[in-house]
Structure formats: C-alpha cells, structure tokens
Amino acid sequence: MQRVETVREAWEEALGRVGRGVHVAIEHDGPPRVVESPGGETPDRVAFIPPCPIDRLGDASFRQAHGVRYACLAGAMANGIASVELVEAMGRAGMLGIFGAAGLGVDAVEKAVDRIQGSLGDKAPYGFNLIHSPQEPAIESAVVDLYLRKQVRLVEASAFLNLTPPVVRYRVAGIHRDERGRVVVPNRIIAKASRVEVAQRFLAPPPEKILRTLVEQGAITAEQAAMAATIPMADDLTAEADSGGHTDNQPLVILLPTFLALRDRMAAQYGYDRRLRIGAAGGISTPWAAAGALAMGAGYLVTGSVNQACVEAGTSDVVRTMLSQAQQADIAMAPAADMFEMGVKVQVLKRGTMFAMRAAKLYEYYRAYDRLESIPDADRATLEKTLFRIPLPEVWEQTRAFFARRDPAQIAKAEADAKYKMALVFRWYLGQSSHWANVGEPSRAVDYQIWCGPAMAAFNDWTRGTFLEKPENRRAADVALNLLHNAAVLLRARTAAMQGVVVPDGSPRLAPLPREEIEKLGSDL
C-alpha cells in the first residue's frame with residue numbers, strides 16, 4: 001500500500017490539474033487514491049471529478065459579450081486608483097479592468113481614455129467607471145458626453161440611488177435594429193448595487209419619463225425610445241456586498257441569491273431577448289469566497305480591495321504596505337466625500353490612520369451647526385490646528401478655486417446657503433485625505449483615507465508565507481488568476497466529497513502559484 005503522504009500528494013496534484021478529469025478510488029480503510037481509469041481496479045467505489053478549467057468558470061455569455069477569457073474583472077476604484085496600468089494589465093491577461101474615473105476631472109478622464117484606447121484598442125477589453133454624482137450632476141453629464149464622443153462602449157455604473165438622464169442617455173445612445181430586426185445596444189453597462197430597489201431599476205427598461213425627456217431634448221429619437229423600452233438598463237448587475245468604499249455592508253450569502261431570484265423574476269416579467277447576468281463583489285479575496293460565489297450562481301467575479309494593494313494601483317507604496325498589514329479588526333466606516341450631506345458612508349482602513357474618527361467628527365459638526373461661524377471658537381481652533389492645518393477661510397478659498405474650475409454652480413449654491421458652504425469646506429478634508437494617501441504625503445499619514453473592506457485582511461491571511469505576501473509581488477492579474485485557479489481546485493474537492501470521497505484533513509492546499517503554472521494546469525484538457 002502507498003504511504004499516506006504519497007497518496008495525499010498524488011491526490012492534490014490531481015486536483016490541481018483543473019483541466020483534467022480524475023478518477024478516485026474510494027476504500028473503507030484508506031485514503032482516496034487517484035487512478036488512471038476504473039478498469040482493473042477493485043475498490044469499494046470509484047468517483048469521477050470532472051475537469052474545471054478556469055476559463056469556463058462563471059457565465060459563458062459574460063465572457064463572450066465582453067471579449068474576455070475569464071469571467072473576472074477588477075472593479076473601479078475612484079481617483080484613478082483603478083489605474084490605466086491596472087486596466088491594461090487585466091486586459092492583456094484576458095480579464096476586464098474598469099478605470100476609476102470617479103473624483104477625477106473630465107480632462108484627466110479623457111487622458112485615460114486616450115491612453116487605454118491607444119494601448120488596448122480592439123486587442124483587449126476595458127471599461128470606465130460612471131459614478132452617480134448627486135451633488136455634481138453637471139460632472140456626471142460631462143463624463144457621459146466624453147464617453148459617447150470617445151466611443152467608450154462599457155461603463156461600470158456605481159453608487160446610483162436612482163437612474164439619471166445621463167446614465168440612461170449613455171445606455172440608449174446609438175440603439176438600432178440590425179438587418180434581422182433585432183435591437184442592437186452598442187453601449188453596455190455593468191451596474192453595481194447593494195439594494196434591491198436599485199437592482200430593480202437596472203434590471204428594468206429605462207424609465208419612460210426619462211426617455212420622453214431625452215426625446216424632447218433631441219438626444220434620442222422617438223424610435224430609439226421605443227426600442228429602449230424592450231431592453232434592460234444593464235445586462236450585467238453586480239451584487240456589491242461588504243466592500244471597500246461605498247457599501248451597505250451586506251453579506252454576500254444573502255445579497256447574491258436575492259439578486260439572482262430578482263433577475264429571474266424580472267427577465268420573465270419583461271421577456272427580454274438577451275441574458276441577464278448577476279456577478280459577485282465584496283469579499284472576493286480568497287479561493288473560498290470565490291468558490292462560494294460561483295457555487296451560488298455568480299456569472300462573474302469582481303475584485304476590489306485586493307487590487308489596491310497591487311503594484312499597478314494608482315496609489316502610493318506606503319498605502320500598499322499598510323494594506324498588506326491589515327487584519328480583520330482594522331476596518332471602519334466613515335463619511336463619504338461625494339455624499340457627505342446625505343450621511344452616506346464608505347468603508348476604510350483605520351489601522352495607522354485617524355481618518356475615520358476625524359471624518360466622523362466633521363459630520364457631527366455638520367449635523368449640529370448651520371454654518372461655520374456657529375461652531376464654538378475652541379472647536380474651530382482645534383479643527384484648524386489638527387485637521388485642516390490652515391484657517392477655515394483659507395480652506396474655503398481653496399475650495400472655491402477648485403470648483404471654479406470643476407463646477408462653478410457649486411460656488412453660487414454655497415454662497416447662497418451657509419450650511420452647504422460648511423459641507424464643501426468639510427469635504428475639502430475628505431477629498432484631500434484620499435489624495436494624500438494616493439501620493440504618499442508623509443506629513444499627512446495620520447489623515448490617509450484608504451478605501452478597504454475586510455476582504456483585504458482575508459487576502460493577507462491566505463497569502464501569508466507565500467510570494468504574494470509582499471506588496472511588491474502583488475500583480476492584479478496574478479491575484480485574479482490565483483483566485484480562479486484555487487476556487488476551481490476547491491470546487492473539485494467539493495465535487496469529490498459529494499461522491500463519498502473523504503477529503504484528507506488540510507486538503508486541498510490552496511497556495512498561490514506563478515501565473516505560468518496556473519495557465520498550464522488550467523488548460524490541460
């Protein structure tokens with residue numbers, strides 16, 4: 001009889017070759033044995049573990065629609081953290097990357113569009129973020145104008161509470177019928193949502209009221225509006241669970257099945273001629289999470305927090321190091337800069353920074369007072385000394401200069417509403433804190449705003465002692481491929497267990513591997 005360790009090694013090697021089917025001999029008095037074929041064997045039973053190549057995980061229609069090899073994408077992270085380099089790296093590896101356009105000026109987004117279209121063009125897929133901007137509707141509209149002018153054919157729509165004319169205009173622009181009469185929609189949307197009511201809006205056709213307005217404005221024709229009534233706002237909807245940044249802290253095991261059931265109901269209700277797909281985001285940072293999401297029916301996976309710790313991310317080395325040290329208790333919620341007045345929060349790293357506590361204090365002041373001048377003198381002095389480090393009137397002048405370039409309507413609104421002016425001054429700190437982190441400003445380390453979910457801590461635990469432990473070795477495509485490969489290994493082990501195979505303790509070992517080895521194991525059919 002073979003040694004137990006030798007059998008175990010053969011078992012794990014067989015599981016790791018995810019592109020091959022495996023026969024496993026099951027004995028009552030010994031560990032599972034890998035056999036070439038059931039012929040000639042006399043075990044109690046033989047189980048068969050089918051192949052599970054990683055380029056077949058998820059929904060095949062997702063891969064086809066977006067021209068990717070793998071059903072995995074790197075989601076947008078604002079301020080260019082999901083950088084040009086990250087989008088290029090994912091695209092060249094057969095996956096999808098979404099540029100983090102939120103928070104950037106239109107000129108900066110245009111430069112990113114030009115570079116990515118120049119480097120990837122038709123050779124690899126890519127997408128751009130379109131974030132809901134309730135406080136800056138003119139910016140949201142200008143970004144859509146840019147995407148339409150540059151023929152950006154895929155956006156990830158995020159943080160939407162309601163559908164807006166710009167996002168509907170993007171979806172419907174250029175809609176037409178082909179020679180067979182089928183409605184063709186050139187512009188695709190991957191929507192992110194964490195609430196059922198928002199998910200419903202993206203799985204439904206564009207609102208009739210907004211379509212009428214767009215027709216009246218001459219943005220679309222009446223014929224296009226009629227065609228738009230037969231399509232969903234988004235073909236892909238991501239169930240965004242407990243993620244970094246904007247989040248409702250939803251458990252994925254609750255949110256994903258809810259959205260899948262909603263998808264089925266709405267597809268039946270509207271009788272679409274195209275497939276609706278539900279993806280999973282939030283916590284996708286280990287093989288167990290990835291395998292669980294796929295097993296529940298996710299059509300694709302979205303990574304977020306872990307990408308910010310990769311070398312391609314548009315942030316600083318000091319932030320990458322801080323993220324690589326994050327543990328489960330190192331996460332907190334803090335006021336969001338773009339929806340500060342609404343009380344919306346983002347999930348951030350609290351280890352090594354006081355941002356979450358200081359931002360929460362600013363929101364307390366906003367709730368308590370009607371204008372900057374109403375804040376007690378002692379508290380104002382503390383704010384100027386610790387948070388802003390300059391007098392509040394100077395903060396306002398800097399804020400005023402910023403909006404003079406970005407959105408002058410904000411200045412007029414602030415000068416007519418003292419409480420809104422206070423909000424803009426407080427948002428100066430919230431916006432700058434992200435900038436300081438991205439550039440690694442050493443004098444402001446205590447104020448870094450680093451968007452991060454508990455996924456980051458789980459990833460650090462999984463990769464400890466491996467080549468992916470060090471931030472300088474973390475590359476977005478390598479991380480994604482390791483998640484997919486090890487999820488496939490885990491799914492195969494579960495398939496074996498369902499056939500009565502007693503999986504050895506501690507098996508399978510889900511260790512990260514170099515990309516070349518993963519590609520070989522995954523395609524070995």
# chains A, B, ... in the order shown; residues from 1 in each chain; ligands from 1
$ residues_around --residues "stretch 516-519 of chain A" --least-positions-apart "4" --cutoff "10 Å" --atoms "only C-alpha atoms" --output "PDB file with C-alpha atoms, in the first residue's frame"
ATOM      1  CA  GLY A  16      -4.606  20.970  -9.085  1.00  0.00           C
ATOM      2  CA  ARG A  17      -4.703  19.868 -12.738  1.00  0.00           C
ATOM      3  CA  VAL A  18      -8.102  21.515 -13.045  1.00  0.00           C
ATOM      4  CA  GLY A  19      -8.242  20.974 -16.794  1.00  0.00           C
ATOM      5  CA  PRO A  53     -10.782  24.795 -16.356  1.00  0.00           C
ATOM      6  CA  ILE A  54     -10.736  28.325 -15.036  1.00  0.00           C
ATOM      7  CA  ASP A  55     -11.653  29.835 -18.391  1.00  0.00           C
ATOM      8  CA  ASP A 478      -1.711  37.153 -10.840  1.00  0.00           C
ATOM      9  CA  LEU A 481      -5.781  34.032 -11.696  1.00  0.00           C
ATOM     10  CA  ASN A 482      -4.836  32.546  -8.331  1.00  0.00           C
ATOM     11  CA  LEU A 484      -9.864  31.481 -10.028  1.00  0.00           C
ATOM     12  CA  HIS A 485      -7.465  28.543 -10.043  1.00  0.00           C
ATOM     13  CA  ASN A 486      -7.742  27.775  -6.359  1.00  0.00           C
ATOM     14  CA  PRO A 512      -0.836  30.807  -4.690  1.00  0.00           C
ATOM     15  CA  SER A 523      -5.746  24.427 -19.912  1.00  0.00           C
ATOM     16  CA  ASP A 524      -4.512  20.818 -19.630  1.00  0.00           C
TER      17      ASP A 524
END
$ closest_atom_pairs --of "stretch 402-495 of chain A" --to "stretch 75-89 of chain A" --cutoff "12 Å" --atoms "only C-alpha atoms" --output "CSV"
residue,atom,partner,partner_atom,distance
A:Gly431,CA,A:Asn79,CA,9.7
A:Gln432,CA,A:Asn79,CA,11.0
A:Ser433,CA,A:Asn79,CA,11.6
A:Ser434,CA,A:Asn79,CA,8.1
A:His435,CA,A:Asn79,CA,8.0
A:Trp436,CA,A:Asn79,CA,11.5
A:Ala437,CA,A:Ile81,CA,10.5
A:Asn438,CA,A:Ile81,CA,7.6
A:Val439,CA,A:Ile81,CA,10.7
A:Gln449,CA,A:Ala78,CA,11.8
A:Ile450,CA,A:Ile81,CA,10.3
A:Trp451,CA,A:Met77,CA,8.5
A:Cys452,CA,A:Met77,CA,10.4
A:Arg474,CA,A:Leu86,CA,11.7
A:Arg475,CA,A:Ala89,CA,8.5
A:Ala476,CA,A:Leu86,CA,6.9
A:Ala477,CA,A:Ala89,CA,6.6
A:Asp478,CA,A:Ala89,CA,9.8
A:Val479,CA,A:Ala89,CA,11.6
A:Ala480,CA,A:Ala89,CA,11.2
$ write_last_selection --atoms "C-alpha atoms" --output "mmCIF file, in the first residue's frame"
data_model
loop_
_atom_site.group_PDB
_atom_site.id
_atom_site.type_symbol
_atom_site.label_atom_id
_atom_site.label_comp_id
_atom_site.auth_asym_id
_atom_site.auth_seq_id
_atom_site.Cartn_x
_atom_site.Cartn_y
_atom_site.Cartn_z
ATOM 1 C CA GLY A 431 -11.193 64.761 -0.664
ATOM 2 C CA GLN A 432 -7.670 65.756 0.259
ATOM 3 C CA SER A 433 -7.279 62.774 2.577
ATOM 4 C CA SER A 434 -7.634 60.407 -0.373
ATOM 5 C CA HIS A 435 -5.163 62.475 -2.404
ATOM 6 C CA TRP A 436 -2.614 62.458 0.420
ATOM 7 C CA ALA A 437 -2.826 58.670 0.583
ATOM 8 C CA ASN A 438 -2.505 58.224 -3.171
ATOM 9 C CA VAL A 439 0.650 60.348 -3.375
ATOM 10 C CA GLN A 449 -8.270 57.840 3.608
ATOM 11 C CA ILE A 450 -7.753 54.301 2.270
ATOM 12 C CA TRP A 451 -10.841 52.520 0.975
ATOM 13 C CA CYS A 452 -10.708 48.961 2.205
ATOM 14 C CA ARG A 474 1.270 41.553 -5.921
ATOM 15 C CA ARG A 475 0.084 41.987 -9.504
ATOM 16 C CA ALA A 476 -3.599 42.276 -10.253
ATOM 17 C CA ALA A 477 -3.744 39.601 -12.952
ATOM 18 C CA ASP A 478 -1.711 37.153 -10.840
ATOM 19 C CA VAL A 479 -4.047 37.708 -7.898
ATOM 20 C CA ALA A 480 -7.154 37.153 -10.032
#
$ atom_distance --atom1 "atom CA of A:Val35" --atom2 "atom CA of A:Ala47"
10.0 Å
$ residues_around --residues "A:Ala25" --least-positions-apart "5" --cutoff "7 Å" --atoms "only C-alpha atoms" --output "ChimeraX atom specification"
/A:32-35,43,45-47
$ closest_residue --among "A:Gly314, A:Gly304, A:Gly279, A:Gly352" --to "A:Phe259" --atoms "only C-alpha atoms"
A:Gly279
$ select_by_dssp --residues "stretch 53-158 of chain A" --states "helix (DSSP H, G or I)" --output "MDAnalysis selection string"
chainID A and resid 54:56 60:66 84:92 106:119 137:149
$ closest_residue --among "A:Ala455, A:Ala295, A:Ala336, A:Val302" --to "A:Ala488" --atoms "only C-alpha atoms"
A:Ala295
$ atom_distance --atom1 "atom CA of A:Val306" --atom2 "atom CA of A:Arg515"
17.0 Å
$ select_by_dssp --residues "stretch 324-360 of chain A" --states "strand (DSSP E or B)" --output "NGL selection string"
:A and (331-335 or 345-349)
$ write_last_selection --atoms "N, CA and C atoms" --output "PDB file, in the first residue's frame"
ATOM      1  N   ILE A 331     -10.778  47.697  10.131  1.00  0.00           N
ATOM      2  CA  ILE A 331     -11.670  48.317   9.164  1.00  0.00           C
ATOM      3  C   ILE A 331     -12.704  49.166   9.901  1.00  0.00           C
ATOM      4  N   ALA A 332     -13.093  50.310   9.312  1.00  0.00           N
ATOM      5  CA  ALA A 332     -14.090  51.184   9.942  1.00  0.00           C
ATOM      6  C   ALA A 332     -14.933  51.855   8.857  1.00  0.00           C
ATOM      7  N   MET A 333     -16.056  52.425   9.278  1.00  0.00           N
ATOM      8  CA  MET A 333     -16.907  53.193   8.380  1.00  0.00           C
ATOM      9  C   MET A 333     -16.681  54.684   8.633  1.00  0.00           C
ATOM     10  N   ALA A 334     -16.742  55.475   7.546  1.00  0.00           N
ATOM     11  CA  ALA A 334     -16.504  56.910   7.650  1.00  0.00           C
ATOM     12  C   ALA A 334     -17.381  57.638   6.638  1.00  0.00           C
ATOM     13  N   PRO A 335     -17.664  58.933   6.855  1.00  0.00           N
ATOM     14  CA  PRO A 335     -18.472  59.698   5.911  1.00  0.00           C
ATOM     15  C   PRO A 335     -17.848  59.734   4.516  1.00  0.00           C
ATOM     16  N   LYS A 345     -21.860  56.501   3.897  1.00  0.00           N
ATOM     17  CA  LYS A 345     -20.541  56.176   4.442  1.00  0.00           C
ATOM     18  C   LYS A 345     -19.753  55.277   3.490  1.00  0.00           C
ATOM     19  N   VAL A 346     -18.447  55.299   3.689  1.00  0.00           N
ATOM     20  CA  VAL A 346     -17.542  54.415   2.972  1.00  0.00           C
ATOM     21  C   VAL A 346     -16.761  53.591   3.991  1.00  0.00           C
ATOM     22  N   GLN A 347     -16.303  52.414   3.556  1.00  0.00           N
ATOM     23  CA  GLN A 347     -15.515  51.549   4.423  1.00  0.00           C
ATOM     24  C   GLN A 347     -14.037  51.793   4.154  1.00  0.00           C
ATOM     25  N   VAL A 348     -13.286  52.015   5.215  1.00  0.00           N
ATOM     26  CA  VAL A 348     -11.892  52.420   5.083  1.00  0.00           C
ATOM     27  C   VAL A 348     -11.008  51.645   6.064  1.00  0.00           C
ATOM     28  N   LEU A 349      -9.713  51.761   5.822  1.00  0.00           N
ATOM     29  CA  LEU A 349      -8.717  51.210   6.739  1.00  0.00           C
ATOM     30  C   LEU A 349      -8.557  52.166   7.919  1.00  0.00           C
TER      31      LEU A 349
END
$ closest_residue --among "A:Ala228, A:Ala280, A:Ala337, A:Pro205" --to "A:Lys192" --atoms "only C-alpha atoms"
A:Ala280
$ residues_around --residues "stretch 419-430 of chain A" --least-positions-apart "4" --cutoff "7 Å" --atoms "only C-alpha atoms" --output "VMD selection string"
chain A and resid 337 341 359 362 366 370 to 372 388 395 to 396 399 414 to 415 434
$ residues_around --residues "A:Ala261" --least-positions-apart "2" --cutoff "12 Å" --atoms "only C-alpha atoms" --output "PyMOL selection string"
chain A and resi 196+199-200+203+254-259+263-268+276-278+296-298
$ write_last_selection --atoms "C-alpha atoms" --output "tab-separated table (two decimals), in the first residue's frame"
chain	number	residue	atom	x	y	z
A	196	VAL	CA	-32.96	45.53	-4.14
A	199	ALA	CA	-31.10	46.48	-8.63
A	200	GLN	CA	-34.69	46.58	-9.87
A	203	LEU	CA	-32.83	45.21	-14.45
A	254	ILE	CA	-27.83	36.96	1.42
A	255	LEU	CA	-27.42	39.55	-1.32
A	256	LEU	CA	-26.35	37.33	-4.23
A	257	PRO	CA	-29.23	34.81	-4.02
A	258	THR	CA	-31.67	37.72	-3.61
A	259	PHE	CA	-30.42	39.35	-6.80
A	263	ARG	CA	-33.13	38.64	-12.05
A	264	ASP	CA	-35.25	35.61	-12.89
A	265	ARG	CA	-38.49	37.38	-11.97
A	266	MET	CA	-37.71	40.49	-13.98
A	267	ALA	CA	-36.46	38.56	-17.01
A	268	ALA	CA	-39.77	36.71	-17.05
A	276	LEU	CA	-29.20	38.99	-17.66
A	277	ARG	CA	-26.17	38.15	-15.53
A	278	ILE	CA	-25.54	38.67	-11.83
A	296	MET	CA	-24.26	30.15	-5.63
A	297	GLY	CA	-24.56	31.08	-9.30
A	298	ALA	CA	-22.48	34.22	-9.81
$ closest_residue --among "A:Gly103, A:Gly94, A:Pro50, A:Pro137" --to "A:Leu120" --atoms "only C-alpha atoms"
A:Gly94
$ residues_around --residues "A:Val198" --least-positions-apart "5" --cutoff "9 Å" --atoms "only C-alpha atoms" --output "VMD selection string"
chain A and resid 160 to 163 192 to 193 203
$ residues_around --residues "A:Arg63" --least-positions-apart "4" --cutoff "12 Å" --atoms "only C-alpha atoms" --output "PyMOL selection string"
chain A and resi 54-59+67-73+94-96+125+236+277+299-301
$ write_last_selection --atoms "C-alpha atoms" --output "compact mmCIF listing (two decimals), in the first residue's frame"
# COMPACT_ATOMS: atom_id res chain seq x y z
CA ILE A 54 -10.74 28.33 -15.04
CA ASP A 55 -11.65 29.83 -18.39
CA ARG A 56 -15.02 28.09 -18.07
CA LEU A 57 -15.91 29.38 -14.62
CA GLY A 58 -18.83 31.77 -14.47
CA ASP A 59 -21.26 32.58 -17.26
CA GLY A 67 -14.46 39.51 -25.16
CA VAL A 68 -12.64 38.10 -22.15
CA ARG A 69 -11.14 34.71 -21.45
CA TYR A 70 -12.01 34.71 -17.75
CA ALA A 71 -15.22 35.82 -16.02
CA CYS A 72 -13.37 38.11 -13.63
CA LEU A 73 -12.99 41.86 -13.53
CA GLY A 94 -7.75 38.05 -20.67
CA MET A 95 -9.78 39.78 -17.98
CA LEU A 96 -11.63 43.05 -17.62
CA PRO A 125 -11.32 44.62 -23.27
CA ASP A 236 -24.81 42.76 -16.01
CA ARG A 277 -26.17 38.15 -15.53
CA GLY A 299 -21.94 34.83 -13.52
CA TYR A 300 -18.67 36.67 -12.86
CA LEU A 301 -16.44 37.81 -10.00
$ closest_residue --among "A:Cys310, A:Leu513, A:Ala445, A:Ala138" --to "A:Asp407" --atoms "only C-alpha atoms"
A:Ala138
